[in-house]
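Data block below; observations after.
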Amino acid sequence: VTLIESSSSGQAGALIEAVARAEQVTAEAVRAGLVEGTIVIPANRHRTAARPCGIGRGLRVKVNANIGTSGDYADVEAELTKLKAAVEAGADAIMDLSTGGDVAAIRRRLLAACPVPFGSVPVYDAVAQHGPEKGLMRMTADDFLRAFAAHAQDGVDFFVVHAGVTREALRILDRHPRVCGIVSRGGTMLSEWMRYHDRENPLYERFDEVLDIAREHEVTLSLGDGLRPGCLADSFDRAQVYELGVQAELHTRALATGVQSMIEGPGHVPLNQVAAQVELEKAVCRGAPFFVLGPLVTDVAPGYDHITSAIGAAVAAAAGADFLCYVTASEHLALPGAAEVREAVMASRIAAHAGDVARGRPGAADWDRRFAALRARRDWAGQLDLCLDPERARRLRDAHRPSDEGVCSMCGEFCVFKLAERGAEARKAGRDRA
Ligand code: SF4
């Protein structure tokens, strides 16, 4: 029995209760969301260590951090350090995108060390094991499916299924060429395989088998957007919109078989199109949880893509996106290190919180209100405890300490709050004298 099936029979088990408590919503709201397909709780049945995490309608916007090796840097210790940095910075979920070294062994090490839901991309693993060029073309459809079974058995809580890159989607893409083509790694691997073998996407053709694996192990599907726009000029093109329709169809099929799924979204999107991207997904996919990568609102700022993506993510979250995949400053340039990982989690958390405030999520604006009261009182200890990133805030305050600890060294004695307090005191003293 899957979580959706037990929820359908009216049960709200321990997992649902835990999510409801953490979110301060009713267990009934979480249970109903699972049944309707508007909430997921990624939790592989073999893995009980991860903290319960609900994603979807009415819940706090969550943040995912991607880590993983590459062919050039295949050091599992470095990835463990990044995992720790991401979790300490407040990431709600981790995804392993490893393609270098012994990918299976790396996944198992990371999984064992991960206290939050853990996602993976079995297609990368399958291709990495065979070699990216000749190996990819020698692969069979069974090889792809086997990777999904292996990841499910290992205990991953959610995995990416790039089943939306169908032959029809590729025909549309060919008729309407893009500036950047296909920028999803999984989407590119599958499309190259499909073109070489002149075959349908094996994950689409054999989606029922993917569902069987997911059912057996209670793995949540992250229905990948292999055709997400990779630059502003490609946003909302016909191939992207077509794929969204396929993702919607797959979400419906998953729900009907008791398998949880969420929809992955773009990508590179002009700021004025971000809200429309979310609204379209919510309408076409009947409120399915939306997991967005960024979106990055400009193409021209490599080195700052944690910022370009957080801008898009804030707008997306305000419009209804449920799960934000961070983008690091190293994106498009290099494999990130732990410092970039930490910074990117913080940037995404800011976006997620801004979205929660904009959506009126209960309690979200209270955090800001309580913090603002501390700021107005010049309560530095309180501010440094309550802020989003106490470590960074402390470091910056300590780097240029004020001569008067009651202000900060930005304005010193001209601190607006202090001036106002002095003014109030002077007026009171004047009144007392009169
Ligand atoms: S000194 Fe200036 S910047 Fe610092 S808290 Fe006061 S008003 Fe704000």
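Chain lettering (A, B, ...) mirrors the order of the structure tokens, residue numbering begins at 1 for each chain separately, and ligand numbering begins at 1 in order of display.
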Open item on the list: Write out as a PyMOL selection string the set of residues from stretch 241-367 of chain A that DSSP, computed on the backbone, places in helix (DSSP H, G or I).
Closed with: chain A and resi 241-256+271-284+305-319+338-358+364-367
Task: Shell of 9 Å around ligand 1 (only C-alpha atoms and all ligand atoms), written as JSON, numbers by chain - done: {"A": [375, 376, 378, 380, 402, 406, 407, 408, 409, 410, 411, 412, 413, 414, 415, 416, 417, 418, 419]}
Could you take the residues named above and write them with N, CA and C atoms, as a PDB file, in the first residue's frame?
ATOM      1  N   ARG A 375      14.974  45.116  15.515  1.00  0.00           N
ATOM      2  CA  ARG A 375      15.787  46.130  14.825  1.00  0.00           C
ATOM      3  C   ARG A 375      15.440  47.524  15.365  1.00  0.00           C
ATOM      4  N   ALA A 376      14.157  47.794  15.509  1.00  0.00           N
ATOM      5  CA  ALA A 376      13.731  49.116  15.990  1.00  0.00           C
ATOM      6  C   ALA A 376      14.220  49.370  17.424  1.00  0.00           C
ATOM      7  N   ARG A 378      16.986  48.221  18.575  1.00  0.00           N
ATOM      8  CA  ARG A 378      18.451  48.109  18.507  1.00  0.00           C
ATOM      9  C   ARG A 378      18.946  46.946  19.359  1.00  0.00           C
ATOM     10  N   TRP A 380      20.713  43.971  19.245  1.00  0.00           N
ATOM     11  CA  TRP A 380      21.614  43.282  18.315  1.00  0.00           C
ATOM     12  C   TRP A 380      21.693  41.794  18.575  1.00  0.00           C
ATOM     13  N   PRO A 402      31.159  48.837  15.813  1.00  0.00           N
ATOM     14  CA  PRO A 402      30.958  50.262  16.110  1.00  0.00           C
ATOM     15  C   PRO A 402      31.659  50.631  17.418  1.00  0.00           C
ATOM     16  N   GLY A 406      25.535  50.102  20.842  1.00  0.00           N
ATOM     17  CA  GLY A 406      24.087  50.267  20.682  1.00  0.00           C
ATOM     18  C   GLY A 406      23.669  50.628  19.263  1.00  0.00           C
ATOM     19  N   VAL A 407      24.633  50.804  18.367  1.00  0.00           N
ATOM     20  CA  VAL A 407      24.309  51.102  16.962  1.00  0.00           C
ATOM     21  C   VAL A 407      25.125  50.162  16.080  1.00  0.00           C
ATOM     22  N   CYS A 408      25.100  50.381  14.777  1.00  0.00           N
ATOM     23  CA  CYS A 408      26.065  49.662  13.941  1.00  0.00           C
ATOM     24  C   CYS A 408      26.955  50.708  13.285  1.00  0.00           C
ATOM     25  N   SER A 409      28.066  50.262  12.716  1.00  0.00           N
ATOM     26  CA  SER A 409      29.055  51.230  12.250  1.00  0.00           C
ATOM     27  C   SER A 409      28.672  51.868  10.908  1.00  0.00           C
ATOM     28  N   MET A 410      27.498  51.575  10.421  1.00  0.00           N
ATOM     29  CA  MET A 410      27.036  52.209   9.176  1.00  0.00           C
ATOM     30  C   MET A 410      26.761  53.701   9.393  1.00  0.00           C
ATOM     31  N   CYS A 411      25.969  54.034  10.411  1.00  0.00           N
ATOM     32  CA  CYS A 411      25.628  55.441  10.665  1.00  0.00           C
ATOM     33  C   CYS A 411      26.126  55.921  12.025  1.00  0.00           C
ATOM     34  N   GLY A 412      26.508  54.991  12.897  1.00  0.00           N
ATOM     35  CA  GLY A 412      27.014  55.384  14.216  1.00  0.00           C
ATOM     36  C   GLY A 412      26.009  56.217  14.982  1.00  0.00           C
ATOM     37  N   GLU A 413      26.441  57.396  15.429  1.00  0.00           N
ATOM     38  CA  GLU A 413      25.580  58.252  16.254  1.00  0.00           C
ATOM     39  C   GLU A 413      24.390  58.817  15.478  1.00  0.00           C
ATOM     40  N   PHE A 414      24.429  58.656  14.158  1.00  0.00           N
ATOM     41  CA  PHE A 414      23.291  59.133  13.355  1.00  0.00           C
ATOM     42  C   PHE A 414      22.278  58.018  13.088  1.00  0.00           C
ATOM     43  N   CYS A 415      22.387  56.941  13.827  1.00  0.00           N
ATOM     44  CA  CYS A 415      21.442  55.822  13.690  1.00  0.00           C
ATOM     45  C   CYS A 415      20.015  56.366  13.849  1.00  0.00           C
ATOM     46  N   VAL A 416      19.174  56.070  12.869  1.00  0.00           N
ATOM     47  CA  VAL A 416      17.815  56.637  12.894  1.00  0.00           C
ATOM     48  C   VAL A 416      17.042  56.216  14.136  1.00  0.00           C
ATOM     49  N   PHE A 417      17.266  54.994  14.557  1.00  0.00           N
ATOM     50  CA  PHE A 417      16.514  54.505  15.708  1.00  0.00           C
ATOM     51  C   PHE A 417      16.981  55.209  16.985  1.00  0.00           C
ATOM     52  N   LYS A 418      18.292  55.432  17.055  1.00  0.00           N
ATOM     53  CA  LYS A 418      18.836  56.113  18.233  1.00  0.00           C
ATOM     54  C   LYS A 418      18.399  57.584  18.243  1.00  0.00           C
ATOM     55  N   LEU A 419      18.468  58.219  17.068  1.00  0.00           N
ATOM     56  CA  LEU A 419      18.041  59.628  16.987  1.00  0.00           C
ATOM     57  C   LEU A 419      16.585  59.772  17.416  1.00  0.00           C
TER      58      LEU A 419
END
- [ ] Tell me, as a VMD selection string, which residues lie within 7 Å of stretch 112-117 of chain A, counting only C-alpha atoms; anything in the same chain fewer than 3 positions away does not count.
- [x] chain A and resid 42 to 43 49 to 51 92 to 94 108 to 109 157
Any chance you could export the current selection's C-alpha atoms as a tab-separated table (two decimals), in the first residue's frame?
chain	number	residue	atom	x	y	z
A	42	PRO	CA	9.12	12.04	-0.61
A	43	ALA	CA	9.99	9.13	1.70
A	49	ALA	CA	16.14	8.37	8.80
A	50	ALA	CA	15.13	11.41	6.77
A	51	ARG	CA	13.14	14.17	8.36
A	92	ASP	CA	15.05	20.91	2.87
A	93	ALA	CA	16.21	18.27	0.37
A	94	ILE	CA	19.37	17.15	-1.40
A	108	ARG	CA	25.17	5.23	-1.07
A	109	ARG	CA	27.69	7.23	1.01
A	157	ASP	CA	13.20	9.34	-1.79
Open item on the list: Counting only C-alpha atoms, which residue out of A:Gln273, A:Gln129, A:Thr298, A:Gln240 sits closest to A:Ser184?
Closed with: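 Selected residue with least distance to A:Ser184: A:Gln240.
Using only C-alpha atoms, the protein and nucleic acid residues lying no more than 10 Å from A:Leu170, apart from those fewer than 3 places from it along its own chain, are Val165, Thr166, Arg167, Leu173, Asp174, Arg175, His176, Ile182, Ser191, Met194, Arg195, Leu227, Ala239 and Glu243 of chain A.
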- [ ] Please identify all polymer residues within 12 Å of A:Arg206, counting only C-alpha atoms, omitting same-chain residues fewer than 2 positions from it, and present them as a PyMOL selection string.
- [x] chain A and resi 141-142+144-146+148+161-163+166+200-204+208-213+250
Task: atom CA of A:Gly230 to atom CA of A:Val327, distance in Å rounded to a single decimal - done: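 Atom CA of A:Val327 lies at a distance of 13.3 Å from atom CA of A:Gly230.
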TODO: Can you list, as a list in words, all residues belonging to stretch 185-388 of chain A that DSSP tags as strand (DSSP E)?
DONE: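 Of stretch 185-388 of chain A, the ones in strand (DSSP E) are Thr220, Leu221, Ser222, Leu223, Ser261, Met262, Ile263, Glu264, Gly265, Phe290, Phe291, Val292, Leu293, Phe323, Leu324 and Cys325 of chain A.
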Task: Residue with smallest distance to A:Thr140 - pool A:Gln260, A:Ala152, A:Arg215, A:Arg199, counting only C-alpha atoms - done: A:Arg199
Task: Residues near A:Asp299, cut-off 9 Å, only C-alpha atoms, skip fewer than 2 positions along chain, as JSON, numbers by chain - done: {"A": [230, 231, 232, 268, 296, 297, 301, 302, 305, 308]}
Go ahead and dump the residues you just picked, all heavy atoms, as a PDB file, in the first residue's frame.
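The resulting file, out_17.pdb, is shown below:
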ATOM      1  N   GLY A 230      16.807  26.918 -21.927  1.00  0.00           N
ATOM      2  CA  GLY A 230      18.147  27.138 -21.401  1.00  0.00           C
ATOM      3  C   GLY A 230      18.634  28.552 -21.626  1.00  0.00           C
ATOM      4  O   GLY A 230      19.794  28.878 -21.361  1.00  0.00           O
ATOM      5  N   CYS A 231      17.766  29.404 -22.131  1.00  0.00           N
ATOM      6  CA  CYS A 231      18.076  30.830 -22.273  1.00  0.00           C
ATOM      7  C   CYS A 231      16.748  31.571 -22.388  1.00  0.00           C
ATOM      8  O   CYS A 231      15.711  30.958 -22.683  1.00  0.00           O
ATOM      9  CB  CYS A 231      18.964  31.100 -23.491  1.00  0.00           C
ATOM     10  SG  CYS A 231      18.177  30.756 -25.066  1.00  0.00           S
ATOM     11  N   LEU A 232      16.770  32.867 -22.142  1.00  0.00           N
ATOM     12  CA  LEU A 232      15.530  33.628 -22.144  1.00  0.00           C
ATOM     13  C   LEU A 232      14.797  33.495 -23.476  1.00  0.00           C
ATOM     14  O   LEU A 232      13.568  33.402 -23.523  1.00  0.00           O
ATOM     15  CB  LEU A 232      15.795  35.118 -21.854  1.00  0.00           C
ATOM     16  CG  LEU A 232      16.480  35.504 -20.531  1.00  0.00           C
ATOM     17  CD1 LEU A 232      16.292  36.990 -20.278  1.00  0.00           C
ATOM     18  CD2 LEU A 232      15.974  34.706 -19.362  1.00  0.00           C
ATOM     19  N   HIS A 268      15.592  29.018 -17.680  1.00  0.00           N
ATOM     20  CA  HIS A 268      15.880  30.440 -17.951  1.00  0.00           C
ATOM     21  C   HIS A 268      14.591  31.084 -18.465  1.00  0.00           C
ATOM     22  O   HIS A 268      14.063  30.663 -19.508  1.00  0.00           O
ATOM     23  CB  HIS A 268      16.980  30.580 -19.001  1.00  0.00           C
ATOM     24  CG  HIS A 268      18.342  30.162 -18.528  1.00  0.00           C
ATOM     25  ND1 HIS A 268      19.417  31.028 -18.517  1.00  0.00           N
ATOM     26  CD2 HIS A 268      18.804  28.987 -18.053  1.00  0.00           C
ATOM     27  CE1 HIS A 268      20.486  30.394 -18.067  1.00  0.00           C
ATOM     28  NE2 HIS A 268      20.138  29.143 -17.777  1.00  0.00           N
ATOM     29  N   LEU A 296      16.212  31.363 -13.693  1.00  0.00           N
ATOM     30  CA  LEU A 296      17.201  32.427 -13.878  1.00  0.00           C
ATOM     31  C   LEU A 296      16.583  33.490 -14.777  1.00  0.00           C
ATOM     32  O   LEU A 296      16.067  33.172 -15.843  1.00  0.00           O
ATOM     33  CB  LEU A 296      18.461  31.875 -14.531  1.00  0.00           C
ATOM     34  CG  LEU A 296      19.297  30.923 -13.665  1.00  0.00           C
ATOM     35  CD1 LEU A 296      18.783  29.497 -13.779  1.00  0.00           C
ATOM     36  CD2 LEU A 296      20.750  30.975 -14.062  1.00  0.00           C
ATOM     37  N   VAL A 297      16.637  34.735 -14.348  1.00  0.00           N
ATOM     38  CA  VAL A 297      15.910  35.778 -15.076  1.00  0.00           C
ATOM     39  C   VAL A 297      16.790  36.558 -16.050  1.00  0.00           C
ATOM     40  O   VAL A 297      16.328  37.494 -16.706  1.00  0.00           O
ATOM     41  CB  VAL A 297      15.203  36.740 -14.098  1.00  0.00           C
ATOM     42  CG1 VAL A 297      14.108  36.007 -13.336  1.00  0.00           C
ATOM     43  CG2 VAL A 297      16.193  37.379 -13.134  1.00  0.00           C
ATOM     44  N   ALA A 301      24.838  36.706 -16.499  1.00  0.00           N
ATOM     45  CA  ALA A 301      25.542  36.971 -15.241  1.00  0.00           C
ATOM     46  C   ALA A 301      26.208  35.736 -14.627  1.00  0.00           C
ATOM     47  O   ALA A 301      26.045  35.484 -13.438  1.00  0.00           O
ATOM     48  CB  ALA A 301      24.578  37.611 -14.239  1.00  0.00           C
ATOM     49  N   PRO A 302      26.969  34.961 -15.429  1.00  0.00           N
ATOM     50  CA  PRO A 302      27.672  33.843 -14.795  1.00  0.00           C
ATOM     51  C   PRO A 302      28.553  34.363 -13.663  1.00  0.00           C
ATOM     52  O   PRO A 302      29.154  35.436 -13.785  1.00  0.00           O
ATOM     53  CB  PRO A 302      28.503  33.228 -15.928  1.00  0.00           C
ATOM     54  CG  PRO A 302      28.520  34.242 -17.013  1.00  0.00           C
ATOM     55  CD  PRO A 302      27.283  35.054 -16.860  1.00  0.00           C
ATOM     56  N   ASP A 305      24.813  33.557 -10.618  1.00  0.00           N
ATOM     57  CA  ASP A 305      23.544  32.893 -10.929  1.00  0.00           C
ATOM     58  C   ASP A 305      22.771  32.442  -9.683  1.00  0.00           C
ATOM     59  O   ASP A 305      21.604  32.069  -9.800  1.00  0.00           O
ATOM     60  CB  ASP A 305      23.759  31.747 -11.921  1.00  0.00           C
ATOM     61  CG  ASP A 305      23.835  32.273 -13.354  1.00  0.00           C
ATOM     62  OD1 ASP A 305      23.293  33.371 -13.600  1.00  0.00           O
ATOM     63  OD2 ASP A 305      24.436  31.608 -14.215  1.00  0.00           O
ATOM     64  N   THR A 308      20.630  35.630  -9.867  1.00  0.00           N
ATOM     65  CA  THR A 308      19.656  35.665 -10.977  1.00  0.00           C
ATOM     66  C   THR A 308      18.568  34.618 -10.759  1.00  0.00           C
ATOM     67  O   THR A 308      17.408  34.841 -11.110  1.00  0.00           O
ATOM     68  CB  THR A 308      20.332  35.446 -12.349  1.00  0.00           C
ATOM     69  OG1 THR A 308      20.980  34.182 -12.357  1.00  0.00           O
ATOM     70  CG2 THR A 308      21.337  36.513 -12.656  1.00  0.00           C
TER      71      THR A 308
END
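Atom CA of A:Cys387 to atom CA of A:Val87 spans 17.1 Å [interatomic distance, one decimal].
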Task: Exercise: stretch 233-237 of chain A partners within 8 Å, only C-alpha atoms, chain neighbours under 4 positions left out, as a PyMOL selection string - done: chain A and resi 178-180+228-229+241+268-270+277
- [ ] Rounded to one decimal place, report the atom CA of A:Ala373-atom CA of A:Arg397 distance in Å.
- [x]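 Those two atoms sit 18.8 Å apart.
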- [ ] Go through A:Met137, A:Val123, A:Ala434, A:Val219 and flag the residue nearest A:Asp154, using only C-alpha atoms for the distances.
- [x]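 Comparing A:Met137, A:Val123, A:Ala434, A:Val219 against A:Asp154, the winner is A:Val219.
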Open item on the list: Taking only C-alpha atoms into account, name the residue in A:Leu386, A:Leu221, A:Ala338, A:Ile41 that is nearest to A:Leu80.
Closed with: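 Looking at the shortest contact to A:Leu80, the residue is A:Ala338.
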- [ ] For each of A:Ala334, A:Thr38, A:Ala316, A:Lys84, take the minimum atom-to-atom distance to A:Ser70, counting only C-alpha atoms, then give the residue where this is smallest.
- [x] A:Ala334
Which stretch 306-384 of chain A residues have any atom within 12 Å of an atom of stretch 15-31 of chain A, and for each, what is the nearest pair of atoms with distance in Å to one decimal, counting only C-alpha atoms, rows sorted by chain and number, as CSV?
residue,atom,partner,partner_atom,distance
A:Arg361,CA,A:Glu23,CA,10.0
A:Pro362,CA,A:Gln24,CA,8.4
A:Gly363,CA,A:Gln24,CA,9.1
A:Ala364,CA,A:Glu23,CA,11.0
Task: Shortest interatomic distance to A:Ala128 - which of A:Glu5, A:Glu249, A:Glu425, A:Asp143, counting only C-alpha atoms - done: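 Closest to A:Ala128, using only C-alpha atoms: A:Asp143.
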